[in-house]
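A.B. asks: Got a structure for you, work_20.cif, holding mmCIF, C-alpha atoms.
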data_final
#
loop_
_atom_site.label_atom_id
_atom_site.label_comp_id
_atom_site.auth_asym_id
_atom_site.auth_seq_id
_atom_site.Cartn_x
_atom_site.Cartn_y
_atom_site.Cartn_z
CA MET X 1 -22.52 5.16 6.43
CA ILE X 2 -21.80 2.07 4.32
CA LEU X 3 -18.56 2.22 2.37
CA SER X 4 -17.94 -0.23 -0.44
CA SER X 5 -15.63 -0.70 -3.38
CA LEU X 6 -18.36 -2.72 -5.11
CA GLN X 7 -20.86 -1.25 -7.53
CA SER X 8 -23.68 -1.66 -5.02
CA VAL X 9 -24.26 -3.10 -1.58
CA PRO X 10 -25.08 -6.83 -1.81
CA GLY X 11 -28.55 -7.60 -0.50
CA LYS X 12 -29.72 -3.99 -0.83
CA THR X 13 -31.03 -1.95 -3.71
CA ILE X 14 -29.96 1.53 -4.68
CA ALA X 15 -32.87 3.96 -4.35
CA THR X 16 -31.25 7.28 -5.25
CA HIS X 17 -28.01 8.34 -6.91
CA TYR X 18 -26.34 11.55 -5.77
CA GLY X 19 -23.34 11.39 -8.08
CA LEU X 20 -19.66 11.81 -7.41
CA VAL X 21 -18.27 12.60 -3.96
CA THR X 22 -14.58 13.24 -3.46
CA GLY X 23 -12.14 13.82 -0.64
CA SER X 24 -8.49 14.73 -0.85
CA THR X 25 -5.63 15.80 1.34
CA ILE X 26 -2.05 16.84 0.68
CA ARG X 27 0.49 16.00 3.34
CA ALA X 28 4.16 16.77 3.73
CA LYS X 29 6.43 14.68 5.91
CA HIS X 30 8.52 16.28 8.61
CA VAL X 31 12.28 16.46 8.99
CA GLY X 32 12.56 13.92 11.82
CA ARG X 33 10.82 11.24 9.83
CA ASP X 34 12.88 12.09 6.78
CA LEU X 35 16.09 11.71 8.77
CA ALA X 36 15.09 8.26 9.99
CA ALA X 37 14.12 7.36 6.44
CA GLY X 38 17.58 8.42 5.30
CA PHE X 39 19.16 5.82 7.57
CA LYS X 40 16.67 3.19 6.49
CA ASN X 41 17.68 3.94 2.94
CA ILE X 42 21.05 2.32 3.58
CA PHE X 43 19.68 -0.89 5.08
CA GLY X 44 16.35 -1.11 3.33
CA GLY X 45 13.12 -2.23 4.97
CA GLU X 46 9.81 -0.75 6.01
CA LEU X 47 9.55 2.99 6.69
CA LYS X 48 6.98 2.77 9.51
CA GLY X 49 6.72 6.54 9.89
CA TYR X 50 5.72 6.93 6.27
CA THR X 51 3.32 4.01 6.39
CA GLU X 52 1.50 5.65 9.33
CA LEU X 53 1.55 9.08 7.72
CA LEU X 54 -0.01 7.84 4.49
CA GLN X 55 -2.50 5.72 6.42
CA GLU X 56 -3.65 8.76 8.43
CA SER X 57 -3.88 10.91 5.32
CA ARG X 58 -5.91 8.30 3.51
CA GLU X 59 -8.32 8.10 6.43
CA GLU X 60 -8.65 11.88 6.36
CA ALA X 61 -9.39 11.86 2.61
CA THR X 62 -12.02 9.16 3.20
CA MET X 63 -13.58 11.18 6.05
CA ARG X 64 -13.84 14.25 3.81
CA MET X 65 -15.56 12.16 1.16
CA VAL X 66 -17.96 10.75 3.77
CA GLU X 67 -18.75 14.29 5.03
CA GLN X 68 -19.67 15.31 1.52
CA ALA X 69 -21.91 12.27 1.13
CA LYS X 70 -23.62 13.03 4.49
CA GLN X 71 -24.39 16.58 3.40
CA LEU X 72 -26.13 15.21 0.32
CA GLY X 73 -28.26 12.95 2.54
CA ALA X 74 -26.74 9.68 1.32
CA ASN X 75 -26.35 6.62 3.52
CA ALA X 76 -23.71 4.82 1.47
CA VAL X 77 -20.77 5.48 -0.84
CA VAL X 78 -20.22 2.81 -3.47
CA ASN X 79 -17.50 2.06 -6.01
CA ILE X 80 -14.85 3.82 -3.95
CA ARG X 81 -11.43 4.24 -5.55
CA TYR X 82 -8.19 5.69 -4.22
CA ALA X 83 -5.43 7.50 -6.03
CA THR X 84 -2.05 8.78 -4.88
CA SER X 85 0.15 11.32 -6.57
CA SER X 86 3.21 13.26 -5.54
CA VAL X 87 2.60 16.95 -6.15
CA ALA X 88 5.93 18.27 -4.86
CA PRO X 89 9.13 16.72 -3.52
CA GLY X 90 8.29 15.39 -0.08
CA ALA X 91 4.53 15.89 -0.37
CA ALA X 92 1.86 13.50 -1.51
CA GLU X 93 -1.79 13.90 -2.40
CA LEU X 94 -4.19 11.20 -1.28
CA PHE X 95 -7.46 11.20 -3.15
CA ALA X 96 -10.60 9.17 -2.53
CA TYR X 97 -13.69 9.19 -4.72
CA GLY X 98 -16.91 7.30 -5.05
CA THR X 99 -20.63 7.56 -5.76
CA ALA X 100 -23.01 8.69 -3.03
CA VAL X 101 -26.23 6.69 -2.95
CA VAL X 102 -29.20 5.85 -0.77
CA VAL X 103 -29.62 2.11 -0.31
CA GLU X 104 -32.64 0.31 1.07
CA MET S 105 46.04 14.16 1.72
CA GLU S 106 45.32 12.25 -1.45
CA LEU S 107 44.92 9.09 0.52
CA TYR S 108 42.31 10.78 2.71
CA SER S 109 40.27 12.08 -0.19
CA ALA S 110 40.43 8.67 -1.89
CA LEU S 111 39.18 7.09 1.34
CA ILE S 112 36.28 9.52 1.54
CA ASN S 113 35.36 9.28 -2.13
CA PHE S 114 35.49 5.51 -2.46
CA GLY S 115 35.63 4.18 1.10
CA ILE S 116 32.32 5.55 2.35
CA PRO S 117 30.21 4.37 -0.61
CA LEU S 118 31.93 0.99 -0.46
CA VAL S 119 31.13 0.59 3.24
CA LEU S 120 27.52 1.64 2.57
CA ILE S 121 27.24 -0.89 -0.27
CA ILE S 122 28.60 -3.69 1.92
CA LEU S 123 26.36 -2.66 4.85
CA GLY S 124 23.39 -2.38 2.50
CA TYR S 125 24.07 -5.79 1.03
CA PHE S 126 24.32 -7.67 4.32
CA MET S 127 21.65 -5.81 6.28
CA GLY S 128 19.32 -5.49 3.29
CA THR S 129 19.54 -9.19 2.43
CA HIS S 130 19.03 -10.10 6.09
CA PHE S 131 15.92 -7.92 6.48
CA GLU S 132 14.48 -9.05 3.18
CA LYS S 133 14.94 -12.73 4.00
CA ARG S 134 13.30 -12.27 7.41
CA HIS S 135 10.42 -10.34 5.84
CA PHE S 136 9.78 -13.02 3.20
CA GLN S 137 9.78 -15.71 5.90
CA SER S 138 7.15 -13.80 7.87
CA ILE S 139 5.09 -13.19 4.70
CA ILE S 140 5.08 -16.89 3.79
CA ILE S 141 3.96 -17.93 7.29
CA ARG S 142 1.18 -15.33 7.42
CA GLU S 143 0.00 -16.10 3.88
CA ARG S 144 -0.42 -19.72 4.88
CA ALA S 145 -2.80 -18.66 7.66
CA PHE S 146 -4.99 -16.82 5.13
CA LEU S 147 -5.19 -19.61 2.55
CA ASN S 148 -8.94 -19.96 3.07
CA LYS S 149 -9.63 -16.22 2.75
CA PRO S 150 -9.19 -15.47 -0.93
CA ALA S 151 -9.06 -11.99 -2.42
CA VAL S 152 -10.70 -11.72 -5.83
CA THR S 153 -10.73 -8.89 -8.33
CA PHE S 154 -14.28 -9.16 -9.59
CA ASP S 155 -17.29 -7.23 -8.40
CA GLU S 156 -19.53 -9.48 -6.28
CA SER S 157 -22.53 -7.19 -6.42
CA ASP S 158 -22.66 -7.42 -10.22
CA ASP S 159 -25.05 -10.34 -10.74
CA THR S 160 -24.37 -10.49 -14.48
CA VAL S 161 -20.99 -12.01 -13.59
CA PHE S 162 -22.11 -14.37 -10.81
CA PRO S 163 -25.47 -14.92 -9.15
CA LEU S 164 -25.54 -12.99 -5.89
CA ASP S 165 -24.59 -15.06 -2.84
CA PRO S 166 -27.70 -15.09 -0.58
CA SER S 167 -25.67 -15.83 2.58
CA ILE S 168 -23.96 -12.41 2.59
CA CYS S 169 -24.83 -10.56 5.81
CA ASP S 170 -22.40 -7.64 5.84
CA THR S 171 -19.78 -5.90 3.73
CA ARG S 172 -17.05 -3.49 4.73
CA LEU S 173 -14.32 -1.50 2.99
CA VAL S 174 -10.88 -2.71 4.13
CA GLY S 175 -7.40 -1.70 3.17
CA GLY S 176 -3.75 -2.19 4.02
CA SER S 177 -0.67 -0.27 3.06
CA VAL S 178 3.08 -0.38 3.47
CA VAL S 179 6.07 1.77 2.53
CA ILE S 180 9.28 -0.13 1.84
CA SER S 181 12.62 1.46 1.11
CA VAL S 182 15.36 0.15 -1.14
CA ASP S 183 18.79 -0.43 0.39
CA TYR S 184 22.05 1.10 -0.75
CA PHE S 185 23.20 -2.07 -2.50
CA LYS S 186 20.01 -2.38 -4.53
CA ARG S 187 20.31 1.20 -5.62
CA PHE S 188 23.91 0.56 -6.68
CA LEU S 189 22.82 -2.52 -8.67
CA ALA S 190 20.07 -0.49 -10.32
CA GLY S 191 22.66 2.05 -11.35
CA LEU S 192 24.75 -0.66 -12.99
CA ARG S 193 21.68 -2.18 -14.66
CA GLY S 194 20.91 1.21 -16.09
CA ILE S 195 24.02 0.92 -18.21
CA VAL S 196 23.54 -2.55 -19.69
CA GLY S 197 19.76 -2.88 -19.43
CA GLY S 198 17.78 -6.02 -18.62
CA ARG S 199 15.82 -7.38 -15.69
CA LEU S 200 16.22 -5.58 -12.39
CA THR S 201 15.66 -8.53 -10.06
CA SER S 202 16.59 -6.62 -6.91
CA TYR S 203 13.71 -4.18 -7.45
CA GLU S 204 11.32 -6.97 -8.48
CA THR S 205 11.64 -8.59 -5.05
CA LEU S 206 11.14 -5.16 -3.43
CA VAL S 207 7.76 -4.49 -5.05
CA ASP S 208 6.75 -8.14 -4.66
CA ARG S 209 7.21 -8.09 -0.90
CA ALA S 210 5.53 -4.70 -0.60
CA ARG S 211 2.44 -5.94 -2.49
CA ARG S 212 2.19 -9.17 -0.53
CA GLU S 213 2.59 -7.31 2.76
CA ALA S 214 -0.14 -4.80 1.83
CA VAL S 215 -2.57 -7.59 0.86
CA LEU S 216 -1.79 -9.41 4.13
CA ARG S 217 -2.47 -6.28 6.20
CA MET S 218 -5.76 -5.83 4.40
CA LYS S 219 -6.74 -9.43 5.16
CA GLU S 220 -5.71 -8.98 8.81
CA GLU S 221 -7.96 -5.91 9.06
CA SER S 222 -10.93 -7.81 7.64
CA GLY S 223 -11.32 -9.98 10.78
CA ASP S 224 -13.57 -12.98 10.27
CA ALA S 225 -14.58 -12.11 6.70
CA ASP S 226 -15.21 -14.97 4.31
CA ARG S 227 -13.45 -13.33 1.35
CA ILE S 228 -12.39 -10.01 -0.14
CA ALA S 229 -14.10 -8.85 -3.32
CA ASN S 230 -12.98 -6.30 -5.88
CA LEU S 231 -9.39 -6.12 -4.71
CA ARG S 232 -7.44 -3.18 -6.10
CA ILE S 233 -3.70 -2.72 -5.69
CA GLU S 234 -2.14 0.66 -6.18
CA THR S 235 1.60 1.35 -6.23
CA SER S 236 3.26 4.73 -5.95
CA THR S 237 6.82 5.89 -5.46
CA LEU S 238 7.91 8.23 -2.73
CA SER S 239 10.90 10.41 -3.25
CA SER S 240 12.23 13.55 -1.72
CA GLY S 241 14.72 16.00 -3.17
CA ARG S 242 17.64 13.85 -2.06
CA GLY S 243 16.32 10.95 -4.06
CA ILE S 244 15.10 8.64 -1.31
CA GLY S 245 13.78 5.63 -3.14
CA ALA S 246 10.79 3.99 -1.55
CA VAL S 247 7.69 2.31 -2.85
CA GLU S 248 4.22 2.57 -1.31
CA VAL S 249 1.63 -0.10 -1.96
CA HIS S 250 -2.02 0.27 -0.96
CA ALA S 251 -4.33 -2.72 -1.32
CA TYR S 252 -8.06 -2.27 -0.77
CA GLY S 253 -11.24 -4.17 -1.34
CA THR S 254 -14.61 -5.03 0.15
CA ALA S 255 -14.67 -7.67 2.86
CA ILE S 256 -17.62 -10.05 2.51
CA TYR S 257 -19.09 -11.50 5.71
CA THR S 258 -21.39 -14.47 5.38
CA ARG S 259 -23.77 -16.13 7.80
#
How would this structure read if it were set down as C-alpha coordinates?
C.D. replies:
Amino acid sequence: MILSSLQSVPGKTIATHYGLVTGSTIRAKHVGRDLAAGFKNIFGGELKGYTELLQESREEATMRMVEQAKQLGANAVVNIRYATSSVAPGAAELFAYGTAVVVE
Amino acid sequence: MELYSALINFGIPLVLIILGYFMGTHFEKRHFQSIIIRERAFLNKPAVTFDESDDTVFPLDPSICDTRLVGGSVVISVDYFKRFLAGLRGIVGGRLTSYETLVDRARREAVLRMKEESGDADRIANLRIETSTLSSGRGIGAVEVHAYGTAIYTR
(Lines of atoms letter the chains of each structure in order from A and count residues from 1; the text may use other names and numbers.)
(Lines give C-alpha, C1' and ligand atoms only; values in the text may rest on other atoms or scores of the structure.)
Protein backbone atom coordinates (compact mmCIF):
# COMPACT_ATOMS: atom_id res chain seq x y z
CA MET A 1 0.00 0.00 0.00
CA ILE A 2 1.46 3.35 -1.10
CA LEU A 3 0.55 6.27 1.14
CA SER A 4 1.08 9.80 -0.08
CA SER A 5 0.04 13.32 0.79
CA LEU A 6 0.52 14.29 -2.87
CA GLN A 7 -2.26 14.29 -5.43
CA SER A 8 -0.78 11.27 -7.18
CA VAL A 9 2.26 9.05 -6.97
CA PRO A 10 5.16 10.54 -8.98
CA GLY A 11 6.21 8.29 -11.84
CA LYS A 12 2.93 6.35 -11.81
CA THR A 13 -0.46 6.98 -13.30
CA ILE A 14 -3.78 6.63 -11.56
CA ALA A 15 -5.87 3.91 -13.23
CA THR A 16 -8.98 3.83 -11.03
CA HIS A 17 -10.49 6.12 -8.41
CA TYR A 18 -12.38 4.57 -5.50
CA GLY A 19 -13.26 7.79 -3.71
CA LEU A 20 -12.91 8.80 -0.10
CA VAL A 21 -11.53 6.47 2.57
CA THR A 22 -11.46 7.51 6.20
CA GLY A 23 -10.17 6.25 9.51
CA SER A 24 -10.71 7.68 12.94
CA THR A 25 -10.14 6.87 16.57
CA ILE A 26 -11.05 8.56 19.83
CA ARG A 27 -8.67 8.10 22.71
CA ALA A 28 -8.76 9.17 26.33
CA LYS A 29 -5.63 9.52 28.41
CA HIS A 30 -5.27 7.71 31.70
CA VAL A 31 -4.88 9.09 35.20
CA GLY A 32 -1.18 8.23 35.60
CA ARG A 33 -0.22 10.16 32.51
CA ASP A 34 -2.43 13.04 33.55
CA LEU A 35 -0.73 13.20 36.94
CA ALA A 36 2.72 13.38 35.36
CA ALA A 37 1.41 16.04 32.99
CA GLY A 38 0.21 18.03 35.99
CA PHE A 39 3.76 18.22 37.32
CA LYS A 40 5.13 19.09 33.90
CA ASN A 41 2.63 21.91 33.81
CA ILE A 42 4.62 23.73 36.47
CA PHE A 43 7.99 23.42 34.75
CA GLY A 44 6.91 23.30 31.13
CA GLY A 45 8.46 21.06 28.50
CA GLU A 46 7.52 18.06 26.42
CA LEU A 47 4.77 15.72 27.64
CA LYS A 48 6.29 12.48 26.28
CA GLY A 49 3.34 10.35 27.40
CA TYR A 50 0.93 12.46 25.40
CA THR A 51 3.21 12.58 22.37
CA GLU A 52 3.31 8.76 22.32
CA LEU A 53 -0.41 8.43 22.93
CA LEU A 54 -1.31 10.72 20.03
CA GLN A 55 1.29 9.07 17.81
CA GLU A 56 -0.22 5.62 18.48
CA SER A 57 -3.73 6.90 17.90
CA ARG A 58 -2.75 8.52 14.64
CA GLU A 59 -1.18 5.27 13.46
CA GLU A 60 -4.39 3.45 14.37
CA ALA A 61 -6.50 5.95 12.42
CA THR A 62 -4.17 5.52 9.43
CA MET A 63 -4.41 1.71 9.70
CA ARG A 64 -8.21 1.88 9.68
CA MET A 65 -8.10 4.04 6.58
CA VAL A 66 -5.69 1.59 4.91
CA GLU A 67 -8.00 -1.34 5.80
CA GLN A 68 -10.87 0.43 4.11
CA ALA A 69 -8.77 1.06 1.01
CA LYS A 70 -7.69 -2.63 0.91
CA GLN A 71 -11.31 -3.77 1.01
CA LEU A 72 -12.02 -1.62 -2.03
CA GLY A 73 -9.11 -3.26 -3.87
CA ALA A 74 -6.94 -0.15 -4.01
CA ASN A 75 -3.15 -0.24 -3.90
CA ALA A 76 -2.56 3.37 -2.87
CA VAL A 77 -4.13 6.19 -0.87
CA VAL A 78 -3.32 9.66 -2.15
CA ASN A 79 -3.86 13.19 -0.88
CA ILE A 80 -3.95 12.06 2.74
CA ARG A 81 -4.88 14.67 5.34
CA TYR A 82 -5.06 14.50 9.12
CA ALA A 83 -7.32 16.34 11.51
CA THR A 84 -7.44 16.45 15.30
CA SER A 85 -10.29 17.59 17.48
CA SER A 86 -11.06 17.35 21.16
CA VAL A 87 -14.51 15.85 21.61
CA ALA A 88 -14.59 15.81 25.42
CA PRO A 89 -12.29 17.00 28.20
CA GLY A 90 -9.36 14.60 28.21
CA ALA A 91 -10.27 12.85 24.96
CA ALA A 92 -9.15 13.56 21.44
CA GLU A 93 -10.29 12.36 18.05
CA LEU A 94 -7.65 11.62 15.44
CA PHE A 95 -8.97 11.52 11.92
CA ALA A 96 -7.22 10.52 8.71
CA TYR A 97 -8.73 10.73 5.23
CA GLY A 98 -7.62 10.34 1.67
CA THR A 99 -8.56 9.04 -1.77
CA ALA A 100 -8.19 5.34 -2.55
CA VAL A 101 -6.78 4.69 -6.01
CA VAL A 102 -5.14 2.05 -8.14
CA VAL A 103 -1.82 3.21 -9.57
CA GLU A 104 0.17 1.58 -12.33
CA MET B 1 -4.01 31.36 61.68
CA GLU B 2 -4.25 34.30 59.34
CA LEU B 3 -0.58 34.06 58.64
CA TYR B 4 -0.99 30.42 57.64
CA SER B 5 -3.86 31.07 55.26
CA ALA B 6 -1.95 34.00 53.72
CA LEU B 7 1.03 31.68 53.22
CA ILE B 8 -1.13 29.08 51.52
CA ASN B 9 -3.04 31.54 49.36
CA PHE B 10 -0.09 33.57 48.14
CA GLY B 11 2.99 31.54 49.06
CA ILE B 12 2.26 28.43 47.02
CA PRO B 13 1.41 30.23 43.76
CA LEU B 14 4.45 32.46 44.23
CA VAL B 15 6.76 29.46 44.68
CA LEU B 16 5.19 27.81 41.61
CA ILE B 17 5.70 30.99 39.56
CA ILE B 18 9.35 31.24 40.61
CA LEU B 19 9.92 27.51 39.98
CA GLY B 20 8.13 27.78 36.64
CA TYR B 21 10.19 30.77 35.63
CA PHE B 22 13.60 29.24 36.37
CA MET B 23 12.90 25.67 35.31
CA GLY B 24 10.78 26.71 32.32
CA THR B 25 13.38 29.15 31.02
CA HIS B 26 16.12 26.56 31.54
CA PHE B 27 14.25 23.82 29.64
CA GLU B 28 13.24 26.17 26.87
CA LYS B 29 16.79 27.44 26.36
CA ARG B 30 18.14 23.88 26.24
CA HIS B 31 15.43 22.85 23.79
CA PHE B 32 16.13 25.78 21.45
CA GLN B 33 19.85 24.96 21.51
CA SER B 34 19.13 21.37 20.49
CA ILE B 35 16.68 22.53 17.78
CA ILE B 36 19.25 24.91 16.26
CA ILE B 37 21.95 22.21 16.15
CA ARG B 38 19.62 19.63 14.58
CA GLU B 39 18.19 22.12 12.08
CA ARG B 40 21.71 22.82 10.87
CA ALA B 41 22.16 19.12 10.08
CA PHE B 42 19.04 19.17 7.87
CA LEU B 43 19.91 22.32 5.91
CA ASN B 44 20.16 20.33 2.67
CA LYS B 45 16.83 18.55 3.16
CA PRO B 46 14.20 21.21 2.52
CA ALA B 47 10.51 20.80 3.25
CA VAL B 48 8.26 22.51 0.71
CA THR B 49 4.52 23.10 0.74
CA PHE B 50 3.74 22.53 -2.91
CA ASP B 51 2.54 19.34 -4.53
CA GLU B 52 5.37 17.72 -6.49
CA SER B 53 3.13 15.38 -8.44
CA ASP B 54 1.21 18.31 -9.94
CA ASP B 55 3.13 18.93 -13.18
CA THR B 56 1.25 22.14 -13.92
CA VAL B 57 3.30 23.74 -11.13
CA PHE B 58 6.70 22.19 -11.91
CA PRO B 59 7.77 19.61 -14.48
CA LEU B 60 7.97 16.22 -12.79
CA ASP B 61 11.45 15.30 -11.56
CA PRO B 62 12.46 12.15 -13.54
CA SER B 63 14.99 11.04 -10.90
CA ILE B 64 12.31 10.27 -8.28
CA CYS B 65 12.48 6.58 -7.34
CA ASP B 66 10.30 6.35 -4.25
CA THR B 67 7.91 8.38 -2.10
CA ARG B 68 6.71 7.79 1.43
CA LEU B 69 4.35 9.47 3.88
CA VAL B 70 6.28 10.76 6.91
CA GLY B 71 5.22 12.64 9.98
CA GLY B 72 6.41 13.91 13.32
CA SER B 73 4.57 15.20 16.32
CA VAL B 74 5.22 16.69 19.74
CA VAL B 75 3.17 17.80 22.74
CA ILE B 76 4.65 20.70 24.72
CA SER B 77 3.22 22.07 27.92
CA VAL B 78 3.31 25.66 29.13
CA ASP B 79 4.94 26.35 32.49
CA TYR B 80 3.32 28.04 35.47
CA PHE B 81 5.09 31.34 34.86
CA LYS B 82 3.94 31.54 31.24
CA ARG B 83 0.39 30.87 32.28
CA PHE B 84 0.66 33.64 34.88
CA LEU B 85 2.02 36.05 32.24
CA ALA B 86 -0.82 35.10 29.91
CA GLY B 87 -3.27 35.92 32.65
CA LEU B 88 -1.74 39.38 33.05
CA ARG B 89 -1.68 39.91 29.28
CA GLY B 90 -5.34 39.08 29.20
CA ILE B 91 -6.00 42.28 31.12
CA VAL B 92 -3.98 44.76 29.06
CA GLY B 93 -3.90 42.96 25.71
CA GLY B 94 -1.02 42.85 23.24
CA ARG B 95 1.55 40.34 22.07
CA LEU B 96 1.91 37.20 24.15
CA THR B 97 5.60 36.52 23.51
CA SER B 98 5.84 33.69 26.03
CA TYR B 99 3.27 31.65 24.09
CA GLU B 100 4.79 32.58 20.73
CA THR B 101 8.06 30.87 21.68
CA LEU B 102 6.07 27.85 22.91
CA VAL B 103 4.32 27.20 19.59
CA ASP B 104 7.47 28.10 17.65
CA ARG B 105 9.55 25.44 19.37
CA ALA B 106 6.76 22.88 19.09
CA ARG B 107 6.47 23.45 15.31
CA ARG B 108 10.21 23.32 14.72
CA GLU B 109 10.52 20.16 16.81
CA ALA B 110 7.69 18.45 14.90
CA VAL B 111 9.24 19.33 11.52
CA LEU B 112 12.63 18.04 12.75
CA ARG B 113 11.13 14.73 13.88
CA MET B 114 9.47 14.35 10.50
CA LYS B 115 12.78 14.96 8.73
CA GLU B 116 14.52 12.47 11.04
CA GLU B 117 11.91 9.84 10.15
CA SER B 118 12.44 10.40 6.43
CA GLY B 119 15.94 8.83 6.47
CA ASP B 120 17.95 9.54 3.34
CA ALA B 121 15.16 11.37 1.50
CA ASP B 122 16.16 14.21 -0.81
CA ARG B 123 13.32 16.52 0.25
CA ILE B 124 9.83 16.63 1.74
CA ALA B 125 6.97 17.71 -0.49
CA ASN B 126 3.53 19.01 0.44
CA LEU B 127 4.35 19.71 4.06
CA ARG B 128 1.32 20.33 6.26
CA ILE B 129 1.49 21.55 9.85
CA GLU B 130 -1.45 21.10 12.14
CA THR B 131 -1.72 22.56 15.64
CA SER B 132 -4.21 21.58 18.30
CA THR B 133 -4.59 22.34 21.97
CA LEU B 134 -4.92 19.70 24.64
CA SER B 135 -6.75 20.50 27.80
CA SER B 136 -8.39 18.53 30.52
CA GLY B 137 -11.00 19.66 33.00
CA ARG B 138 -8.35 21.16 35.26
CA GLY B 139 -7.17 23.38 32.47
CA ILE B 140 -3.85 21.78 31.60
CA GLY B 141 -2.48 23.94 28.83
CA ALA B 142 -0.50 22.08 26.21
CA VAL B 143 -0.10 22.39 22.48
CA GLU B 144 0.23 19.49 20.05
CA VAL B 145 1.85 20.00 16.67
CA HIS B 146 1.78 17.38 13.93
CA ALA B 147 3.85 17.94 10.80
CA TYR B 148 3.46 15.59 7.85
CA GLY B 149 4.43 15.40 4.24
CA THR B 150 5.67 13.10 1.50
CA ALA B 151 9.35 12.22 1.52
CA ILE B 152 10.87 12.20 -1.96
CA TYR B 153 13.71 9.75 -2.63
CA THR B 154 15.79 10.29 -5.72
CA ARG B 155 18.29 8.11 -7.52
A.B. asks: Could you please tell me, as a PyMOL selection string, which residues of chain X have an atom within 9 Å of chain S when using all atoms listed in the file?
C.D. replies: chain X and resi 2-11+34+37-38+40-52+54-55+80-86+88-92
A.B. asks: Mind telling me what the PyMOL selection byres ((chain X and resi 14-27) around 6) catches here, as a list in words?
C.D. replies: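 Given this file, the PyMOL selection byres ((chain X and resi 14-27) around 6) evaluates to Thr13, Ala28, Ala61, Arg64, Met65, Ala91, Ala92, Glu93, Leu94, Phe95, Ala96, Tyr97, Gly98, Thr99, Ala100, Val101, Val102 and Val103 of chain X.
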A.B. asks: Provide the atom CA of Ala190 of chain S to atom CA of Gln137 of chain S distance in Å, to one decimal place.
C.D. replies: 24.5 Å
A.B. asks: Between S:Gly197, S:Gly191, S:Pro163, S:Pro150, which residue has the minimum interatomic distance to Met218 of chain S, considering all atoms listed in the file?
C.D. replies: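 Checking each of S:Gly197, S:Gly191, S:Pro163, S:Pro150 against Met218 of chain S, counting all atoms listed in the file, the winner is S:Pro150.
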A.B. asks: Would you please work out which residue, of X:Met1, X:Met63, X:Ser57, X:His30, is nearest to Ala76 of chain X when using only C-alpha atoms?
C.D. replies: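 Using only C-alpha atoms, the shortest distance to Ala76 of chain X belongs to X:Met1.
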A.B. asks: Would you mind telling me which residue in S:Arg199, S:Lys149, S:Arg134, S:Arg193 lies nearest to Asp226 of chain S when using only C-alpha atoms?
C.D. replies: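 Ranking S:Arg199, S:Lys149, S:Arg134, S:Arg193 by distance to Asp226 of chain S, first place goes to S:Lys149.
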A.B. asks: Record the distance separating atom CA of Leu118 of chain S and atom CA of Phe39 of chain X, expressed in Å with one decimal.
C.D. replies: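 Computing the Euclidean distance for atom CA of Leu118 of chain S and atom CA of Phe39 of chain X yields 15.8 Å.
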A.B. asks: Report, in Å with one decimal, the straight-line distance from atom CA of Arg142 of chain S to atom CA of Asn79 of chain X.
C.D. replies: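 Atom CA of Asn79 of chain X lies 28.8 Å from atom CA of Arg142 of chain S.
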A.B. asks: Complete segment 199-228 of chain S with N, CA and C atoms (output as a short mmCIF file (atom, residue, chain, number, x, y, z; two decimals), in the coordinates of the input).
C.D. replies:
data_model
loop_
_atom_site.label_atom_id
_atom_site.label_comp_id
_atom_site.auth_asym_id
_atom_site.auth_seq_id
_atom_site.Cartn_x
_atom_site.Cartn_y
_atom_site.Cartn_z
N ARG S 199 16.68 -7.22 -16.86
CA ARG S 199 15.82 -7.38 -15.69
C ARG S 199 16.49 -6.85 -14.43
N LEU S 200 15.70 -6.12 -13.63
CA LEU S 200 16.22 -5.58 -12.39
C LEU S 200 15.64 -6.39 -11.24
N THR S 201 16.22 -7.58 -11.02
CA THR S 201 15.66 -8.53 -10.06
C THR S 201 15.59 -7.96 -8.65
N SER S 202 16.57 -7.13 -8.27
CA SER S 202 16.59 -6.62 -6.91
C SER S 202 15.39 -5.72 -6.63
N TYR S 203 14.89 -5.02 -7.66
CA TYR S 203 13.71 -4.18 -7.45
C TYR S 203 12.43 -5.01 -7.58
N GLU S 204 12.49 -6.10 -8.35
CA GLU S 204 11.32 -6.97 -8.48
C GLU S 204 10.93 -7.56 -7.12
N THR S 205 11.95 -8.00 -6.36
CA THR S 205 11.64 -8.59 -5.05
C THR S 205 11.11 -7.50 -4.11
N LEU S 206 11.59 -6.27 -4.28
CA LEU S 206 11.14 -5.16 -3.43
C LEU S 206 9.65 -4.90 -3.60
N VAL S 207 9.18 -4.77 -4.84
CA VAL S 207 7.76 -4.49 -5.05
C VAL S 207 6.92 -5.71 -4.73
N ASP S 208 7.48 -6.91 -4.97
CA ASP S 208 6.75 -8.14 -4.66
C ASP S 208 6.45 -8.22 -3.17
N ARG S 209 7.46 -7.96 -2.34
CA ARG S 209 7.21 -8.09 -0.90
C ARG S 209 6.34 -6.96 -0.39
N ALA S 210 6.42 -5.79 -1.01
CA ALA S 210 5.53 -4.70 -0.60
C ALA S 210 4.07 -5.04 -0.92
N ARG S 211 3.82 -5.60 -2.11
CA ARG S 211 2.44 -5.94 -2.49
C ARG S 211 1.87 -7.02 -1.59
N ARG S 212 2.69 -8.06 -1.35
CA ARG S 212 2.19 -9.17 -0.53
C ARG S 212 1.92 -8.72 0.89
N GLU S 213 2.79 -7.84 1.40
CA GLU S 213 2.59 -7.31 2.76
C GLU S 213 1.31 -6.48 2.83
N ALA S 214 1.06 -5.65 1.83
CA ALA S 214 -0.14 -4.80 1.83
C ALA S 214 -1.41 -5.66 1.80
N VAL S 215 -1.40 -6.70 0.95
CA VAL S 215 -2.57 -7.59 0.86
C VAL S 215 -2.79 -8.31 2.19
N LEU S 216 -1.68 -8.73 2.83
CA LEU S 216 -1.79 -9.41 4.13
C LEU S 216 -2.38 -8.48 5.19
N ARG S 217 -1.94 -7.23 5.22
CA ARG S 217 -2.47 -6.28 6.20
C ARG S 217 -3.95 -6.03 5.99
N MET S 218 -4.35 -5.99 4.71
CA MET S 218 -5.76 -5.83 4.40
C MET S 218 -6.56 -7.02 4.93
N LYS S 219 -6.04 -8.22 4.70
CA LYS S 219 -6.74 -9.43 5.16
C LYS S 219 -6.80 -9.48 6.69
N GLU S 220 -5.72 -9.02 7.34
CA GLU S 220 -5.71 -8.98 8.81
C GLU S 220 -6.77 -8.03 9.33
N GLU S 221 -6.96 -6.90 8.63
CA GLU S 221 -7.96 -5.91 9.06
C GLU S 221 -9.38 -6.44 8.89
N SER S 222 -9.57 -7.39 7.97
CA SER S 222 -10.93 -7.81 7.64
C SER S 222 -11.53 -8.76 8.67
N GLY S 223 -10.77 -9.15 9.70
CA GLY S 223 -11.32 -9.98 10.78
C GLY S 223 -11.81 -11.33 10.29
N ASP S 224 -13.07 -11.66 10.63
CA ASP S 224 -13.57 -12.98 10.27
C ASP S 224 -14.36 -12.97 8.95
N ALA S 225 -13.93 -12.14 8.01
CA ALA S 225 -14.58 -12.11 6.70
C ALA S 225 -14.37 -13.43 5.98
N ASP S 226 -15.31 -13.73 5.07
CA ASP S 226 -15.21 -14.97 4.31
C ASP S 226 -14.26 -14.79 3.13
N ARG S 227 -14.31 -13.62 2.50
CA ARG S 227 -13.45 -13.33 1.35
C ARG S 227 -13.39 -11.83 1.12
N ILE S 228 -12.50 -11.43 0.23
CA ILE S 228 -12.39 -10.01 -0.14
C ILE S 228 -12.74 -9.90 -1.62
#
